[in-house]
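Text of the file work_34.cif, holding mmCIF, C-alpha atoms:
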data_start
#
loop_
_atom_site.label_atom_id
_atom_site.label_comp_id
_atom_site.auth_asym_id
_atom_site.auth_seq_id
_atom_site.Cartn_x
_atom_site.Cartn_y
_atom_site.Cartn_z
CA MET A 1256 0.11 -26.18 30.74
CA LYS A 1257 2.62 -25.72 33.56
CA GLU A 1258 5.51 -26.17 31.13
CA PHE A 1259 3.96 -23.64 28.76
CA LEU A 1260 3.64 -21.02 31.53
CA GLN A 1261 7.26 -21.57 32.54
CA GLN A 1262 8.46 -21.13 28.97
CA GLU A 1263 6.23 -18.15 28.20
CA LYS A 1264 6.43 -16.23 31.48
CA SER A 1265 6.74 -12.90 29.70
CA ILE A 1266 3.31 -13.39 28.08
CA LEU A 1267 1.72 -14.06 31.47
CA ILE A 1268 3.51 -11.08 33.04
CA SER A 1269 2.40 -8.83 30.17
CA LEU A 1270 -1.22 -9.90 30.51
CA LEU A 1271 -1.20 -9.36 34.30
CA SER A 1272 0.45 -5.95 33.88
CA LEU A 1273 -2.18 -4.84 31.39
CA ALA A 1274 -4.96 -6.06 33.68
CA VAL A 1275 -3.55 -4.01 36.59
CA LEU A 1276 -2.31 -0.86 34.86
CA ILE A 1277 -5.10 -0.10 32.37
CA PRO A 1278 -7.78 0.52 35.04
CA LEU A 1279 -5.29 2.62 37.06
CA GLU A 1280 -3.88 4.62 34.13
CA GLN A 1281 -5.49 7.97 34.98
CA THR A 1282 -4.62 7.65 38.69
CA ILE A 1283 -1.00 6.91 37.81
CA LEU A 1284 -0.78 9.84 35.39
CA ALA A 1285 -1.96 12.19 38.16
CA SER A 1286 1.10 11.39 40.31
CA ARG A 1287 4.71 12.07 39.29
CA VAL A 1288 6.06 9.31 41.52
CA PHE A 1289 3.56 6.67 40.41
CA ASN A 1290 4.00 7.75 36.79
CA LEU A 1291 7.77 7.31 36.96
CA LEU A 1292 7.44 3.93 38.69
CA ALA A 1293 4.87 2.75 36.16
CA LEU A 1294 7.02 3.97 33.27
CA SER A 1295 10.02 2.04 34.57
CA ALA A 1296 7.94 -1.08 35.13
CA VAL A 1297 6.31 -0.99 31.68
CA PHE A 1298 9.66 -0.33 30.01
CA MET A 1299 11.22 -3.36 31.74
CA ILE A 1300 8.23 -5.57 30.89
CA ILE A 1301 8.41 -4.54 27.24
CA MET A 1302 12.15 -5.29 27.23
CA TYR A 1303 11.43 -8.69 28.78
CA SER A 1304 8.78 -9.31 26.14
CA ALA A 1305 11.31 -8.28 23.49
CA LEU A 1306 13.56 -11.07 24.77
CA THR A 1307 10.69 -13.47 24.10
CA VAL A 1308 10.48 -12.09 20.57
CA ALA A 1309 14.22 -12.75 20.25
CA HIS A 1310 13.85 -16.30 21.59
CA HIS A 1311 11.14 -17.31 19.13
CA ALA A 1312 12.80 -15.46 16.24
CA GLU A 1313 16.05 -17.29 16.99
CA ALA A 1314 14.22 -20.63 17.01
CA LEU A 1315 12.74 -19.84 13.59
CA ALA A 1316 16.16 -18.65 12.43
CA GLU A 1317 17.72 -21.92 13.56
CA LYS A 1318 15.05 -23.92 11.77
CA TYR A 1319 15.17 -22.09 8.44
CA GLY A 1320 18.84 -20.99 8.38
CA GLU A 1321 20.42 -17.96 6.71
CA PRO A 1322 19.50 -15.54 5.30
CA TYR A 1323 15.94 -16.32 6.43
CA GLY A 1324 16.93 -16.42 10.09
CA THR A 1325 18.21 -12.88 10.41
CA MET A 1326 15.41 -11.63 8.16
CA ILE A 1327 12.84 -13.03 10.59
CA LEU A 1328 14.65 -11.40 13.51
CA THR A 1329 15.05 -7.99 11.87
CA LEU A 1330 11.49 -7.93 10.52
CA SER A 1331 10.16 -8.81 13.98
CA ALA A 1332 12.13 -5.91 15.46
CA VAL A 1333 10.91 -3.50 12.78
CA VAL A 1334 7.29 -4.55 13.37
CA VAL A 1335 7.75 -3.79 17.08
CA GLU A 1336 9.31 -0.44 16.19
CA VAL A 1337 6.55 0.56 13.77
CA LEU A 1338 3.92 -0.48 16.29
CA ILE A 1339 5.42 1.62 19.08
CA ILE A 1340 6.08 4.67 16.88
CA GLY A 1341 2.55 4.56 15.52
CA ILE A 1342 1.04 4.43 18.98
CA MET A 1343 3.30 7.20 20.29
CA MET A 1344 2.49 9.39 17.27
CA ALA A 1345 -1.20 9.10 18.13
CA HIS A 1346 -0.45 10.53 21.59
CA SER A 1347 2.08 13.17 20.58
CA ALA A 1348 2.18 16.32 18.49
CA ASN A 1349 5.90 15.80 17.84
CA ILE A 1350 6.25 15.72 14.04
CA ASN A 1351 9.89 14.57 14.34
CA LEU A 1352 9.21 11.42 16.36
CA ALA A 1353 9.45 9.00 13.41
CA ARG A 1354 12.55 10.73 12.03
CA ASP A 1355 14.34 10.76 15.38
CA THR A 1356 13.47 7.10 16.01
CA ILE A 1357 14.78 6.03 12.60
CA VAL A 1358 18.03 7.95 13.12
CA ALA A 1359 18.38 6.49 16.63
CA ALA A 1360 17.76 2.98 15.25
CA ILE A 1361 20.40 3.36 12.51
CA ILE A 1362 23.00 4.76 14.91
CA LEU A 1363 22.14 2.12 17.51
CA ASP A 1364 22.36 -0.75 15.00
CA ILE A 1365 25.50 0.27 13.10
CA ASN A 1366 27.48 2.01 15.84
CA GLY A 1367 26.07 0.57 19.07
CA LEU A 1368 25.11 -3.01 18.24
CA LEU A 1369 27.79 -3.66 15.61
CA GLY A 1370 30.40 -1.80 17.65
CA ILE A 1371 29.80 -3.82 20.82
CA ALA A 1372 29.65 -7.10 18.89
CA ALA A 1373 32.92 -6.34 17.03
CA ILE A 1374 34.64 -5.47 20.32
CA ILE A 1375 33.47 -8.68 22.01
CA GLY A 1376 34.24 -10.83 18.97
CA GLY A 1377 37.60 -9.14 18.45
CA ILE A 1378 38.68 -9.67 22.05
CA LYS A 1379 37.70 -13.34 21.92
CA HIS A 1380 38.69 -14.29 18.37
CA GLY A 1381 40.94 -11.51 17.04
CA VAL A 1382 40.01 -10.84 13.41
CA GLN A 1383 36.56 -12.10 12.35
CA ASP A 1384 35.69 -12.78 8.71
CA TYR A 1385 32.45 -12.12 6.84
CA ASN A 1386 31.20 -11.86 3.26
CA ILE A 1387 32.13 -8.45 1.85
CA ASN A 1388 29.31 -8.70 -0.72
CA SER A 1389 26.74 -8.42 2.07
CA THR A 1390 28.22 -5.23 3.55
CA ASN A 1391 28.54 -3.61 0.12
CA SER A 1392 24.90 -4.44 -0.67
CA PHE A 1393 23.54 -3.26 2.68
CA ILE A 1394 25.57 -0.03 2.91
CA SER A 1395 24.78 1.11 -0.63
CA MET A 1396 21.05 0.53 -0.11
CA ILE A 1397 21.05 2.26 3.30
CA ILE A 1398 22.85 5.33 1.93
CA VAL A 1399 20.44 5.62 -1.00
CA ALA A 1400 17.37 5.09 1.21
CA VAL A 1401 18.46 7.63 3.84
CA GLY A 1402 19.57 10.12 1.19
CA ILE A 1403 16.31 10.20 -0.78
CA SER A 1404 14.04 10.05 2.26
CA MET A 1405 15.77 12.17 4.91
CA VAL A 1406 18.11 14.52 3.02
CA MET A 1407 16.24 15.28 -0.20
CA PRO A 1408 13.11 16.59 1.65
CA ILE A 1409 15.27 19.49 2.90
CA PHE A 1410 15.43 20.85 -0.66
CA ILE A 1411 11.87 20.09 -1.82
CA ASP A 1412 9.31 22.91 -2.02
CA GLU A 1413 6.55 22.68 0.55
CA GLN A 1414 3.85 22.34 -2.12
CA TRP A 1415 5.47 19.07 -3.32
CA GLN A 1416 6.18 17.58 0.12
CA GLU A 1417 3.05 15.43 0.36
CA SER A 1418 3.35 14.19 -3.22
CA TYR A 1419 6.98 13.28 -2.62
CA LEU A 1420 6.09 11.37 0.55
CA ILE A 1421 3.49 9.29 -1.32
CA PHE A 1422 6.01 8.65 -4.11
CA LEU A 1423 8.60 7.71 -1.49
CA ALA A 1424 6.29 5.24 0.24
CA ILE A 1425 5.58 3.41 -3.02
CA LEU A 1426 9.25 3.49 -4.03
CA PHE A 1427 10.41 2.06 -0.69
CA VAL A 1428 7.96 -0.83 -0.84
CA ILE A 1429 9.31 -1.66 -4.30
CA MET A 1430 12.92 -1.36 -3.06
CA PHE A 1431 12.17 -3.65 -0.13
CA VAL A 1432 10.59 -6.28 -2.38
CA ILE A 1433 13.55 -6.15 -4.78
CA PHE A 1434 16.15 -6.36 -2.03
CA THR A 1435 14.31 -9.19 -0.26
CA ARG A 1436 14.15 -11.17 -3.50
CA VAL A 1437 17.86 -10.64 -4.09
CA GLN A 1438 18.60 -11.65 -0.50
CA ILE A 1439 16.67 -14.93 -0.60
CA LYS A 1440 16.99 -15.93 -4.27
CA GLU A 1441 19.38 -14.54 -6.92
CA HIS A 1442 22.20 -13.49 -4.60
CA ASN A 1443 21.46 -15.17 -1.27
CA TYR A 1444 25.12 -16.28 -1.13
CA PHE A 1445 26.03 -12.61 -0.63
CA PHE A 1446 24.63 -12.89 2.89
CA GLN A 1447 26.33 -16.14 3.89
CA TYR A 1448 29.89 -16.90 4.88
CA GLY A 1449 31.42 -20.29 4.12
CA TYR A 1450 28.09 -21.51 2.74
CA LYS A 1451 29.79 -24.06 0.47
CA ARG A 1452 31.37 -25.90 3.34
CA LYS A 1453 28.99 -28.36 4.99
CA THR A 1454 30.47 -30.59 7.67
CA ALA A 1455 29.00 -33.75 9.17
CA GLN A 1456 28.27 -31.80 12.33
CA GLN A 1457 26.29 -29.22 10.33
CA GLN A 1458 24.32 -32.02 8.67
CA ASP A 1459 23.45 -33.45 12.10
CA THR A 1460 22.42 -29.97 13.22
CA HIS A 1461 20.26 -29.60 10.11
CA SER A 1462 18.37 -32.79 10.94
CA SER A 1463 17.72 -31.53 14.48
CA HIS A 1464 16.23 -28.33 13.03
CA LYS A 1465 13.33 -30.37 11.71
CA LYS A 1466 12.26 -31.01 15.30
CA ILE A 1467 11.68 -27.29 15.91
CA ASN A 1468 7.96 -26.48 15.76
CA GLY A 1469 7.91 -23.51 13.40
CA PHE A 1470 4.15 -22.96 13.74
CA TYR A 1471 4.35 -22.75 17.56
CA HIS A 1472 7.24 -20.29 17.56
CA ALA A 1473 5.59 -18.16 14.86
CA CYS A 1474 2.37 -17.97 16.90
CA MET A 1475 4.20 -17.07 20.11
CA LEU A 1476 6.21 -14.46 18.20
CA ILE A 1477 3.00 -12.81 16.96
CA ILE A 1478 1.37 -12.92 20.42
CA ALA A 1479 4.45 -11.33 22.03
CA ILE A 1480 4.48 -8.54 19.43
CA VAL A 1481 0.75 -7.86 19.93
CA LEU A 1482 1.21 -7.63 23.71
CA ILE A 1483 4.13 -5.25 23.21
CA GLY A 1484 1.76 -3.10 21.17
CA PHE A 1485 -0.76 -2.89 24.03
CA LEU A 1486 2.00 -2.20 26.55
CA SER A 1487 3.36 0.51 24.25
CA GLU A 1488 0.05 2.33 24.56
CA LEU A 1489 0.72 2.67 28.29
CA LEU A 1490 4.41 3.38 27.73
CA SER A 1491 3.55 6.27 25.43
CA ALA A 1492 1.23 7.91 27.97
CA PHE A 1493 3.61 7.46 30.91
CA MET A 1494 6.67 8.54 28.92
CA SER A 1495 5.08 11.72 27.58
CA ARG A 1496 4.05 12.77 31.08
CA SER A 1497 7.45 11.90 32.60
CA LEU A 1498 9.46 13.75 29.94
CA SER A 1499 7.28 16.85 30.24
CA ASN A 1500 7.46 16.78 34.06
CA SER A 1501 11.25 16.33 34.14
CA GLY A 1502 12.10 18.77 31.35
CA LEU A 1503 14.16 16.11 29.53
CA PRO A 1504 14.41 16.22 25.71
CA ILE A 1505 11.37 14.73 23.95
CA ALA A 1506 13.80 12.97 21.58
CA LEU A 1507 14.69 10.56 24.39
CA GLY A 1508 11.39 8.86 23.66
CA ALA A 1509 12.72 8.03 20.19
CA LEU A 1510 15.85 6.51 21.73
CA ALA A 1511 13.72 4.39 24.06
CA VAL A 1512 11.74 3.05 21.08
CA ALA A 1513 14.98 2.22 19.24
CA ILE A 1514 16.40 0.41 22.28
CA ILE A 1515 13.24 -1.66 22.77
CA SER A 1516 13.04 -2.69 19.12
CA ALA A 1517 16.78 -3.44 18.89
CA SER A 1518 17.06 -5.46 22.11
CA PRO A 1519 16.29 -8.85 20.47
CA GLU A 1520 18.87 -8.12 17.78
CA LEU A 1521 21.48 -6.96 20.30
CA ILE A 1522 21.25 -10.19 22.28
CA THR A 1523 21.53 -12.36 19.16
CA ALA A 1524 24.37 -10.24 17.74
CA ILE A 1525 26.46 -10.51 20.92
CA LYS A 1526 25.94 -14.28 21.03
CA SER A 1527 26.91 -14.57 17.37
CA ALA A 1528 30.05 -12.45 17.81
CA ALA A 1529 31.12 -14.55 20.79
CA GLU A 1530 30.63 -17.68 18.66
CA ASN A 1531 32.76 -16.19 15.85
CA ARG A 1532 29.78 -15.78 13.50
CA MET A 1533 30.37 -12.21 12.34
CA GLN A 1534 28.28 -12.71 9.21
CA THR A 1535 25.19 -13.08 11.38
CA VAL A 1536 26.09 -9.85 13.19
CA ILE A 1537 26.46 -8.02 9.87
CA ASN A 1538 23.15 -9.37 8.59
CA ILE A 1539 21.40 -8.32 11.80
CA ALA A 1540 22.93 -4.85 12.25
CA LEU A 1541 22.89 -3.66 8.64
CA GLY A 1542 19.75 -5.60 7.74
CA ALA A 1543 17.88 -4.03 10.65
CA SER A 1544 19.01 -0.54 9.63
CA LEU A 1545 17.87 -1.07 6.05
CA ALA A 1546 14.55 -2.64 7.07
CA THR A 1547 13.94 0.23 9.51
CA VAL A 1548 14.23 2.81 6.74
CA LEU A 1549 12.45 0.87 3.98
CA LEU A 1550 9.53 -0.29 6.15
CA THR A 1551 9.12 2.31 8.90
CA ILE A 1552 8.98 5.30 6.56
CA PRO A 1553 6.17 3.96 4.31
CA ALA A 1554 4.23 2.82 7.39
CA MET A 1555 4.56 6.24 9.02
CA ILE A 1556 3.64 8.04 5.78
CA ALA A 1557 0.49 5.92 5.47
CA LEU A 1558 -0.39 6.55 9.11
CA SER A 1559 0.22 10.28 8.67
CA LEU A 1560 -2.09 10.46 5.66
CA ILE A 1561 -4.83 8.44 7.40
CA THR A 1562 -4.73 10.36 10.69
CA HIS A 1563 -3.79 13.77 9.16
CA HIS A 1564 -0.84 13.89 11.56
CA ASP A 1565 1.98 16.09 10.24
CA ILE A 1566 5.28 14.28 9.84
CA ASN A 1567 8.84 15.41 9.08
CA PHE A 1568 11.70 13.21 7.87
CA ALA A 1569 14.20 15.98 7.02
CA LEU A 1570 17.37 15.60 9.09
CA ASN A 1571 18.81 18.39 11.20
CA PRO A 1572 22.52 19.38 10.77
CA ILE A 1573 23.81 17.25 13.67
CA GLN A 1574 21.93 14.17 12.45
CA ILE A 1575 23.28 14.67 8.92
CA THR A 1576 26.82 14.98 10.27
CA LEU A 1577 26.60 11.90 12.50
CA LEU A 1578 25.07 9.75 9.76
CA THR A 1579 27.61 10.97 7.20
CA ILE A 1580 30.52 10.08 9.50
CA THR A 1581 28.89 6.72 10.26
CA PHE A 1582 28.55 5.88 6.57
CA TRP A 1583 32.10 7.04 5.75
CA VAL A 1584 33.56 4.93 8.53
CA SER A 1585 31.40 1.97 7.51
CA ILE A 1586 32.61 2.17 3.89
CA ILE A 1587 36.23 2.14 5.12
CA HIS A 1588 35.73 -0.64 7.67
CA PHE A 1589 33.56 -2.93 5.57
CA ASN A 1590 35.78 -3.01 2.46
CA ASP A 1591 37.94 -6.02 3.43
CA GLY A 1592 35.60 -8.65 4.89
CA LYS A 1593 37.29 -8.56 8.30
CA SER A 1594 36.40 -6.94 11.64
CA ASN A 1595 38.49 -6.26 14.73
CA VAL A 1596 38.41 -4.54 18.12
CA LEU A 1597 39.60 -1.17 16.79
CA GLU A 1598 36.82 -0.96 14.23
CA GLY A 1599 34.28 -1.89 16.88
CA ALA A 1600 35.66 0.76 19.25
CA ILE A 1601 35.46 3.49 16.59
CA HIS A 1602 31.82 2.68 15.86
CA PHE A 1603 30.99 2.59 19.57
CA ILE A 1604 32.64 6.01 20.07
CA LEU A 1605 30.26 7.41 17.46
CA PHE A 1606 27.38 5.92 19.41
CA ILE A 1607 28.60 7.64 22.61
CA VAL A 1608 28.79 10.96 20.73
CA PHE A 1609 25.20 10.43 19.56
CA LEU A 1610 24.11 9.85 23.18
CA PHE A 1611 25.78 13.12 24.22
CA PHE A 1612 23.81 15.12 21.66
CA MET A 1613 20.64 13.22 22.53
CA PHE A 1614 20.82 13.93 26.27
CA THR A 1615 21.78 17.56 25.74
CA GLY A 1616 18.70 18.06 23.58
CA GLN A 1617 20.62 19.00 20.42
CA ILE A 1618 19.04 16.25 18.33
#

I'd like the structure from this file rewritten - as structure tokens, please.
Amino acid sequence: MKEFLQQEKSILISLLSLAVLIPLEQTILASRVFNLLALSAVFMIIMYSALTVAHHAEALAEKYGEPYGTMILTLSAVVVEVLIIGIMMAHSANINLARDTIVAAIILDINGLLGIAAIIGGIKHGVQDYNINSTNSFISMIIVAVGISMVMPIFIDEQWQESYLIFLAILFVIMFVIFTRVQIKEHNYFFQYGYKRKTAQQQDTHSSHKKINGFYHACMLIIAIVLIGFLSELLSAFMSRSLSNSGLPIALGALAVAIISASPELITAIKSAAENRMQTVINIALGASLATVLLTIPAMIALSLITHHDINFALNPIQITLLTITFWVSIIHFNDGKSNVLEGAIHFILFIVFLFFMFTGQI
């Protein structure tokens, strides 16, 4: 029991935090100072819990290998994201929350996460190789998904908006199933690098993977995600009050959701880049972006229809411009199967530009 508590401290901390903060929620909301302190504390606890999600997802990834490993990690992050967005939507009248969070997640994954990882990997290893088939597959799917879900609604008559959203939700579920099948069956070698080479050391590592308790890590992963959901309920209340009191842009809440959900991926991506495993970084960054669009949008559409909460996915001009530049740069950078510091720096610059527009309230 003692060993379990040491290994799963975040679960204990989350439970204690919920036990303390839930009874005091209304008292905290009545005070600006207490509200800000509670918001900071809950945010840090959720981030710490996200690290637990990363730990157990990495253990499952190590046990089952690629592409299953990064799929487990990205799906875990998307579940966290959907959970938080859904809870925040229930407490907010902001119809753009889901859209802004999805845009923030894509920019954070492709420009922030991938940019930082490419810089770190480039400094340590120079040029890093990866499978070009994976980037081509991911980028084409992301462009199509974003285009039909976040650009096309701009030109659709209002009377057809709801019908199109229902059609979109069904279509995205089908697209996700097709892409997942391709990723794990017909073309799984697209998402691996050097998969044909199997050294004696890799064989020894494979035998050690059998010792990893997949059931335990899967259970702990689910528990951590559930606790993040409960904590997000408090985060939503505290964040809404803090943003309204401070006069800061409401869209910052979307950025906070994206950061929380991407934190497990960011940690794993940086480790992978430092270990010269750029393929894992690509699978995480682009896979997370694609999963965010294909899974978050149907989930939010379903929630919107159930709760009768208005929702808007149509991008504003600045978002369209930033995403267009991001995709153009990605097509140029990901056409040779190699990454370097310069490419990472260019992507990270785009992320800094996004932060400028976010904090100035123009997104």

Skipping near chain neighbours, those fewer than 4 positions away, what residues fall within 8 Å of region 1497-1513 of chain A using only C-alpha atoms, listed as a VMD selection string?
chain A and resid 1287 1290 to 1291 1294 1336 1339 to 1340 1352 to 1353 1355 to 1357 1359 to 1360 1363 1493 1517 1613 to 1616 1618

Using C-alpha atoms, can you write the selected residues to a file as a short mmCIF file (atom, residue, chain, number, x, y, z; two decimals), in the coordinates of the input?
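Result went into again39.cif, see below:
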data_model
loop_
_atom_site.label_atom_id
_atom_site.label_comp_id
_atom_site.auth_asym_id
_atom_site.auth_seq_id
_atom_site.Cartn_x
_atom_site.Cartn_y
_atom_site.Cartn_z
CA ARG A 1287 4.71 12.07 39.29
CA ASN A 1290 4.00 7.75 36.79
CA LEU A 1291 7.77 7.31 36.96
CA LEU A 1294 7.02 3.97 33.27
CA GLU A 1336 9.31 -0.44 16.19
CA ILE A 1339 5.42 1.62 19.08
CA ILE A 1340 6.08 4.67 16.88
CA LEU A 1352 9.21 11.42 16.36
CA ALA A 1353 9.45 9.00 13.41
CA ASP A 1355 14.34 10.76 15.38
CA THR A 1356 13.47 7.10 16.01
CA ILE A 1357 14.78 6.03 12.60
CA ALA A 1359 18.38 6.49 16.63
CA ALA A 1360 17.76 2.98 15.25
CA LEU A 1363 22.14 2.12 17.51
CA PHE A 1493 3.61 7.46 30.91
CA ALA A 1517 16.78 -3.44 18.89
CA MET A 1613 20.64 13.22 22.53
CA PHE A 1614 20.82 13.93 26.27
CA THR A 1615 21.78 17.56 25.74
CA GLY A 1616 18.70 18.06 23.58
CA ILE A 1618 19.04 16.25 18.33
#

From the options A:Ile1409, A:Val1308, A:Ile1266, A:Ile1429, which residue's atoms come nearest to Pro1519 (chain A), counting all atoms listed in the file?
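Ranking A:Ile1409, A:Val1308, A:Ile1266, A:Ile1429 by distance to Pro1519 (chain A), first place goes to A:Val1308.
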
d(CA of Phe1298 (chain A), CA of Ser1518 (chain A)) in Å:
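Here the two named atoms are 12.0 Å from each other.
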
I'd like the interatomic distance between CA of Asn1349 (chain A) and CA of Met1494 (chain A), to a tenth of an Å.
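Spanning CA of Asn1349 (chain A) to CA of Met1494 (chain A) is a straight-line distance of 13.3 Å.
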
Hey, can you check how far CA of Ala1424 (chain A) sits from CA of Met1555 (chain A)?
9.0 Å

Residues matched by the PyMOL selection byres ((chain A and resi 1423) around 9) as a list in words
Ile1403, Ser1404, Ser1418, Tyr1419, Leu1420, Ile1421, Phe1422, Ala1424, Ile1425, Leu1426, Phe1427, Val1428, Ile1552, Pro1553 and Ile1556 of chain A

Can you pull out every residue within 8 Å of region 1391-1395 of chain A, counting only C-alpha atoms, but drop anything in the same chain fewer than 5 positions away, and send it as a PyMOL selection string?
chain A and resi 1541-1542+1545+1582+1585-1586+1589-1590

Pull out every residue that the PyMOL selection byres ((chain A and resi 1326) around 12) matches in the shown coordinates and put them as JSON, numbers by chain.
{"A": [1312, 1313, 1315, 1316, 1317, 1319, 1320, 1321, 1322, 1323, 1324, 1325, 1327, 1328, 1329, 1330, 1331, 1332, 1333, 1334, 1431, 1434, 1435, 1436, 1438, 1439, 1443, 1446, 1520, 1535, 1536, 1537, 1538, 1539, 1540, 1541, 1542, 1543, 1544, 1545, 1546]}

Write out as number ranges by chain each polymer residue whose atoms come within 12 Å of Trp1583 (chain A), counting all atoms listed in the file; drop sequence neighbours fewer than 4 positions from it.
A: 1365, 1394-1395, 1398, 1576-1579, 1587-1590, 1601-1602, 1605

Carefully work through the PyMOL selection byres ((chain A and resi 1479-1488) around 8) for this structure and note down the residues it includes, as a CSV table (one decimal) with C-alpha atoms, keeping the file's coordinate frame.
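The file below, expr_0.csv, is the result:
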chain,number,residue,atom,x,y,z
A,1266,ILE,CA,3.3,-13.4,28.1
A,1269,SER,CA,2.4,-8.8,30.2
A,1270,LEU,CA,-1.2,-9.9,30.5
A,1273,LEU,CA,-2.2,-4.8,31.4
A,1297,VAL,CA,6.3,-1.0,31.7
A,1301,ILE,CA,8.4,-4.5,27.2
A,1304,SER,CA,8.8,-9.3,26.1
A,1305,ALA,CA,11.3,-8.3,23.5
A,1307,THR,CA,10.7,-13.5,24.1
A,1308,VAL,CA,10.5,-12.1,20.6
A,1331,SER,CA,10.2,-8.8,14.0
A,1334,VAL,CA,7.3,-4.6,13.4
A,1335,VAL,CA,7.8,-3.8,17.1
A,1338,LEU,CA,3.9,-0.5,16.3
A,1339,ILE,CA,5.4,1.6,19.1
A,1342,ILE,CA,1.0,4.4,19.0
A,1343,MET,CA,3.3,7.2,20.3
A,1475,MET,CA,4.2,-17.1,20.1
A,1476,LEU,CA,6.2,-14.5,18.2
A,1477,ILE,CA,3.0,-12.8,17.0
A,1478,ILE,CA,1.4,-12.9,20.4
A,1489,LEU,CA,0.7,2.7,28.3
A,1490,LEU,CA,4.4,3.4,27.7
A,1491,SER,CA,3.6,6.3,25.4
A,1492,ALA,CA,1.2,7.9,28.0
